[in-house]
There are 2 protein chains.
Amino acid sequence: MNQLRRDPVTGRWVIIVMNELDIDKLVAGNPREKFNHTNCQFCEGQESKTPNEIMAVRDNGSRKDGPEWRIRVIPDKEPVLQIYGDINSRGVGMYDVIDGIGAHEIVIETPRHNETWVDLSESQIAEILEVFQKRIIDLKKDERFRYILVHKNYGEEVGATARHSYSFIIGSPITPKRVKDELMNAWQHYNYKERCLFCDIIHQEIRDKERLIIDDGTFIAFSPFASRRPFEAWILPRRHETFFEQSKDIKPLASVIKQMIYKIHKCLKEPDYYLEIHSGPNLIAGKRRGYWQTLVKDYHWHIEIMPRLKSYTSMETGSGFPINSVPPEEAAKILRSTI
Amino acid sequence: MNQLRRDPVTGRWVIIVMNELDIDKLVAGNPREKFNHTNCQFCEGQESKTPNEIMAVRDNGSRKDGPEWRIRVIPDKEPVLQIYGDINSRGVGMYDVIDGIGAHEIVIETPRHNETWVDLSESQIAEILEVFQKRIIDLKKDERFRYILVHKNYGEEVGATARHSYSFIIGSPITPKRVKDELMNAWQHYNYKERCLFCDIIHQEIRDKERLIIDDGTFIAFSPFASRRPFEAWILPRRHETFFEQSKDIKPLASVIKQMIYKIHKCLKEPDYYLEIHSGPNLIAGKRRGYWQTLVKDYHWHIEIMPRLKSYTSMETGSGFPINSVPPEEAAKILRSTI
């Protein structure tokens, strides 16, 4: 019998199909074609093709916007949100509009083309995570930005640059609905239980064990109970912390991320994947309205990783229920044993 | 300057890109390949390949599960939700689960392959809409089903049957989050304004005119202010009505739908599209909890149509903001003038 499971973090229900797993069918088509890197603007030596860098992790003695860097952060060449101006929040008749203001940055995570997080060392991944932290802290000084989004869409093409490892950082003038839902559910849970929702999830997963993938004492990685997609995985700090950018545990985090990416890479034949950092919102921007302050202390930052395998089915589109053909207990078992 | 616009129905913010429209780029790849109909189980004469019909609109004298029908409703051969059993709602540790119970029906809308809603007459479309109404009314007698979803995913393949015109009807044991959000926003709007949110939208669109596509006095069709996708269109009854299945205006509705599908078909080169009926939830199932009764009277049924053009961008995935490259005012202008 299939199950409908509720994700306590988003309130979303997911249909979990309890059929036997046919992993070959699931990973058919992987690994996908590698694109060649002619004219990749993100490669070392091509710095003049990108906008001027916002920051970089560079070798000693190298100069801004020249070669010899390990990580570069640049503004998007064609940002959908523009950095200068006021958000100009207003009503248009009964509707609400704000101007398309925001930061839209690209983190080029390595100077070398076709190098993925599987190839990078733990210390290189730690350096990338520290760059994320610095950019979030910097962007949060801007009170126009209510939320800073950090995500990586591995395998997706940006401009002519496919397969060069990069992430997006977006400073957004509104808090996305998805984030609001998480904050609200965490707050409601705290109001009712006087405990953090995510801390409760951590306890449950450590006790149940069947969805647990990694537990190193500082972080756990697991297949969430209401996984939307086969082999979805979340990484949570075991200690209650609201903001990713304030974490001091970047080294163990880099290790857990690398292990997880490796496991997904190996057992699903190098799939495209999506990685997203969920941190608390910008309190400076929220100050004007105040209510995030009370909501936010019960939030718990985490990372969500989602391999992109088979295409969506129609029922999903129509019903609003994702349909996941691999029970998370099964996915966790496979990922645990992938070494 | 691009805009962030808020959809008052869902609370979702959308980025509207105010660039000049390049419609050729947008419809590149359309019309898509027509599949051949060898072995299409939905075609007339292939009735033995499908499960027994639940209902049908048949010519006089024709027999159940034989040929000579105009519309057939059958259960899905491989439903993800099964019809027999109790929903068995329960906790699993801190999590919530119910059994995968539900109705999953397919409405075969024509006996002929490759015939689309553009080819069908208004009276044939009206007959299809009446079948939707009958199935919703029937499924709402089942108190396990909190919500009945009706949607059409034109161009999507189901089984070996591509391009045969069909829709899905799903009886769901939970109200999808998307529907809850709509009910909640409509309720909050009523509480604040003492007016129906959708009636307010109708007034605004009739007055503004720039997003209006059709107004026949009974229904309006328009490009919603915060359209998620290029050429998204909604159809609303001008009179306040909560339930689609109680509408007496099926003839004018069929006419407006046919006009809209034709306009989209013609100006976007026969795109795939998605059509969804948003009606009030099942009050019989809700009775146990009661609160829908108060929420529901302020809801206003409507139809959403979404052409599927270019693929999603990564920012969208990450930010939770859909990015729409065609301002709805522009889309409406083009659709209005497509005849």
# chains A, B, ... in the order shown; residues from 1 in each chain; ligands from 1
>>> closest_atom_pairs(of="range 199-273 of chain A", to="range 91-100 of chain B", cutoff="9 Å", atoms="only C-alpha atoms", output="tab-separated table")
residue	atom	partner	partner_atom	distance
A:Asp200	CA	B:Met94	CA	7.8
A:Ile201	CA	B:Met94	CA	7.6
A:Gln204	CA	B:Gly93	CA	7.0
A:Asp208	CA	B:Gly93	CA	8.8
A:Phe225	CA	B:Tyr95	CA	7.7
A:Ala226	CA	B:Tyr95	CA	8.9
>>> residues_around(residues="Tyr299 in chain B", least_positions_apart="3", cutoff="7 Å", atoms="only C-alpha atoms", output="PDB file with N, CA and C atoms, in the first residue's frame")
ATOM      1  N   LEU B 183      -7.739  28.793  -0.171  1.00  0.00           N
ATOM      2  CA  LEU B 183      -8.880  28.942   0.734  1.00  0.00           C
ATOM      3  C   LEU B 183      -8.545  29.928   1.848  1.00  0.00           C
ATOM      4  N   ALA B 186      -8.337  33.537   0.547  1.00  0.00           N
ATOM      5  CA  ALA B 186      -9.681  34.040   0.257  1.00  0.00           C
ATOM      6  C   ALA B 186     -10.401  34.381   1.568  1.00  0.00           C
ATOM      7  N   THR B 242     -19.017  29.102  -5.470  1.00  0.00           N
ATOM      8  CA  THR B 242     -17.936  28.370  -4.806  1.00  0.00           C
ATOM      9  C   THR B 242     -17.545  27.101  -5.571  1.00  0.00           C
ATOM     10  N   GLY B 280     -14.307  24.378  -4.873  1.00  0.00           N
ATOM     11  CA  GLY B 280     -14.289  24.246  -3.415  1.00  0.00           C
ATOM     12  C   GLY B 280     -14.083  22.805  -2.984  1.00  0.00           C
ATOM     13  N   VAL B 296     -15.102  28.161   3.296  1.00  0.00           N
ATOM     14  CA  VAL B 296     -15.355  27.837   1.919  1.00  0.00           C
ATOM     15  C   VAL B 296     -16.323  28.782   1.217  1.00  0.00           C
TER      16      VAL B 296
END
>>> residues_around(residues="Ile305 in chain A", least_positions_apart="6", cutoff="10 Å", atoms="only C-alpha atoms", output="PDB file with N, CA, C and O atoms, in the first residue's frame")
ATOM      1  N   HIS A 151      22.162  28.587  -3.575  1.00  0.00           N
ATOM      2  CA  HIS A 151      21.876  27.281  -4.145  1.00  0.00           C
ATOM      3  C   HIS A 151      22.796  26.950  -5.307  1.00  0.00           C
ATOM      4  O   HIS A 151      23.348  27.823  -5.966  1.00  0.00           O
ATOM      5  N   LYS A 152      22.913  25.672  -5.529  1.00  0.00           N
ATOM      6  CA  LYS A 152      23.777  25.113  -6.549  1.00  0.00           C
ATOM      7  C   LYS A 152      22.915  24.202  -7.406  1.00  0.00           C
ATOM      8  O   LYS A 152      22.134  23.415  -6.896  1.00  0.00           O
ATOM      9  N   ASN A 153      23.046  24.344  -8.719  1.00  0.00           N
ATOM     10  CA  ASN A 153      22.218  23.550  -9.614  1.00  0.00           C
ATOM     11  C   ASN A 153      23.160  22.806 -10.543  1.00  0.00           C
ATOM     12  O   ASN A 153      23.381  23.208 -11.672  1.00  0.00           O
ATOM     13  N   SER A 223      17.579  10.709   4.788  1.00  0.00           N
ATOM     14  CA  SER A 223      16.519  10.824   3.787  1.00  0.00           C
ATOM     15  C   SER A 223      15.269  11.293   4.515  1.00  0.00           C
ATOM     16  O   SER A 223      14.761  10.569   5.373  1.00  0.00           O
ATOM     17  N   PHE A 231      15.909   9.723  -3.331  1.00  0.00           N
ATOM     18  CA  PHE A 231      17.265  10.009  -2.862  1.00  0.00           C
ATOM     19  C   PHE A 231      17.478  11.464  -2.444  1.00  0.00           C
ATOM     20  O   PHE A 231      18.608  11.922  -2.352  1.00  0.00           O
ATOM     21  N   GLU A 232      16.391  12.185  -2.173  1.00  0.00           N
ATOM     22  CA  GLU A 232      16.526  13.491  -1.526  1.00  0.00           C
ATOM     23  C   GLU A 232      17.253  13.301  -0.197  1.00  0.00           C
ATOM     24  O   GLU A 232      17.070  12.277   0.473  1.00  0.00           O
ATOM     25  N   ALA A 233      18.107  14.248   0.178  1.00  0.00           N
ATOM     26  CA  ALA A 233      18.834  14.131   1.449  1.00  0.00           C
ATOM     27  C   ALA A 233      18.955  15.489   2.119  1.00  0.00           C
ATOM     28  O   ALA A 233      19.127  16.503   1.453  1.00  0.00           O
ATOM     29  N   TRP A 234      18.822  15.496   3.456  1.00  0.00           N
ATOM     30  CA  TRP A 234      19.011  16.723   4.211  1.00  0.00           C
ATOM     31  C   TRP A 234      20.199  16.552   5.145  1.00  0.00           C
ATOM     32  O   TRP A 234      20.447  15.465   5.662  1.00  0.00           O
ATOM     33  N   ILE A 235      20.921  17.651   5.359  1.00  0.00           N
ATOM     34  CA  ILE A 235      22.021  17.674   6.326  1.00  0.00           C
ATOM     35  C   ILE A 235      21.685  18.719   7.384  1.00  0.00           C
ATOM     36  O   ILE A 235      21.418  19.877   7.047  1.00  0.00           O
ATOM     37  N   ILE A 257      29.161  16.877   3.474  1.00  0.00           N
ATOM     38  CA  ILE A 257      28.670  17.204   2.127  1.00  0.00           C
ATOM     39  C   ILE A 257      29.420  16.390   1.087  1.00  0.00           C
ATOM     40  O   ILE A 257      28.823  15.802   0.185  1.00  0.00           O
ATOM     41  N   MET A 260      28.252  12.869   1.048  1.00  0.00           N
ATOM     42  CA  MET A 260      26.902  12.739   0.478  1.00  0.00           C
ATOM     43  C   MET A 260      26.925  12.884  -1.045  1.00  0.00           C
ATOM     44  O   MET A 260      26.276  12.114  -1.754  1.00  0.00           O
ATOM     45  N   ILE A 261      27.653  13.884  -1.526  1.00  0.00           N
ATOM     46  CA  ILE A 261      27.721  14.092  -2.978  1.00  0.00           C
ATOM     47  C   ILE A 261      28.371  12.870  -3.629  1.00  0.00           C
ATOM     48  O   ILE A 261      27.930  12.394  -4.679  1.00  0.00           O
ATOM     49  N   ILE A 264      25.810   9.974  -3.746  1.00  0.00           N
ATOM     50  CA  ILE A 264      24.797  10.212  -4.781  1.00  0.00           C
ATOM     51  C   ILE A 264      25.411  10.020  -6.165  1.00  0.00           C
ATOM     52  O   ILE A 264      24.821   9.395  -7.048  1.00  0.00           O
ATOM     53  N   TYR A 273      22.156  17.420  -9.890  1.00  0.00           N
ATOM     54  CA  TYR A 273      21.509  17.558  -8.578  1.00  0.00           C
ATOM     55  C   TYR A 273      21.358  19.022  -8.229  1.00  0.00           C
ATOM     56  O   TYR A 273      21.933  19.905  -8.865  1.00  0.00           O
ATOM     57  N   TYR A 274      20.593  19.214  -7.200  1.00  0.00           N
ATOM     58  CA  TYR A 274      20.258  20.537  -6.722  1.00  0.00           C
ATOM     59  C   TYR A 274      20.608  20.589  -5.245  1.00  0.00           C
ATOM     60  O   TYR A 274      20.308  19.652  -4.508  1.00  0.00           O
ATOM     61  N   LEU A 275      21.321  21.643  -4.816  1.00  0.00           N
ATOM     62  CA  LEU A 275      21.708  21.770  -3.408  1.00  0.00           C
ATOM     63  C   LEU A 275      21.327  23.163  -2.937  1.00  0.00           C
ATOM     64  O   LEU A 275      21.600  24.157  -3.618  1.00  0.00           O
ATOM     65  N   GLU A 276      20.723  23.249  -1.767  1.00  0.00           N
ATOM     66  CA  GLU A 276      20.180  24.521  -1.301  1.00  0.00           C
ATOM     67  C   GLU A 276      20.485  24.687   0.179  1.00  0.00           C
ATOM     68  O   GLU A 276      20.302  23.749   0.953  1.00  0.00           O
ATOM     69  N   ILE A 277      20.943  25.879   0.553  1.00  0.00           N
ATOM     70  CA  ILE A 277      21.193  26.164   1.962  1.00  0.00           C
ATOM     71  C   ILE A 277      19.991  26.912   2.530  1.00  0.00           C
ATOM     72  O   ILE A 277      19.593  27.952   1.997  1.00  0.00           O
TER      73      ILE A 277
END
>>> select_by_dssp(residues="range 175-325 of chain A", states="strand (DSSP E or B)", output="list in words")
Leu212, Ile213, Ile214, Asp215, Phe219, Ile220, Ala221, Phe222, Ala233, Trp234, Ile235, Leu236, Pro237, Asp272, Tyr273, Tyr274, Leu275, Glu276, Ile277, His278, His302, Ile303, Glu304, Ile305, Met306, Pro307, Arg308, Ile323 and Asn324 of chain A
>>> closest_residue(among="B:Met306, B:Ile137, B:Ala285, B:Ala56", to="chain A", atoms="only C-alpha atoms")
B:Met306
>>> closest_residue(among="B:His278, B:Arg70, B:Lys141, B:Arg32", to="chain A", atoms="only C-alpha atoms")
B:His278
>>> closest_residue(among="B:Leu26, B:Ile323, B:Val57, B:Cys199", to="chain A", atoms="only C-alpha atoms")
B:Ile323
>>> residues_around(residues="Pro327 in chain A", least_positions_apart="3", cutoff="12 Å", atoms="only C-alpha atoms", output="PyMOL selection string")
chain A and resi 1-5+14-21+210-211+223-232+323-324+330-334
>>> atom_distance(atom1="CA of Arg112 in chain B", atom2="CA of Lys269 in chain B")
21.6 Å
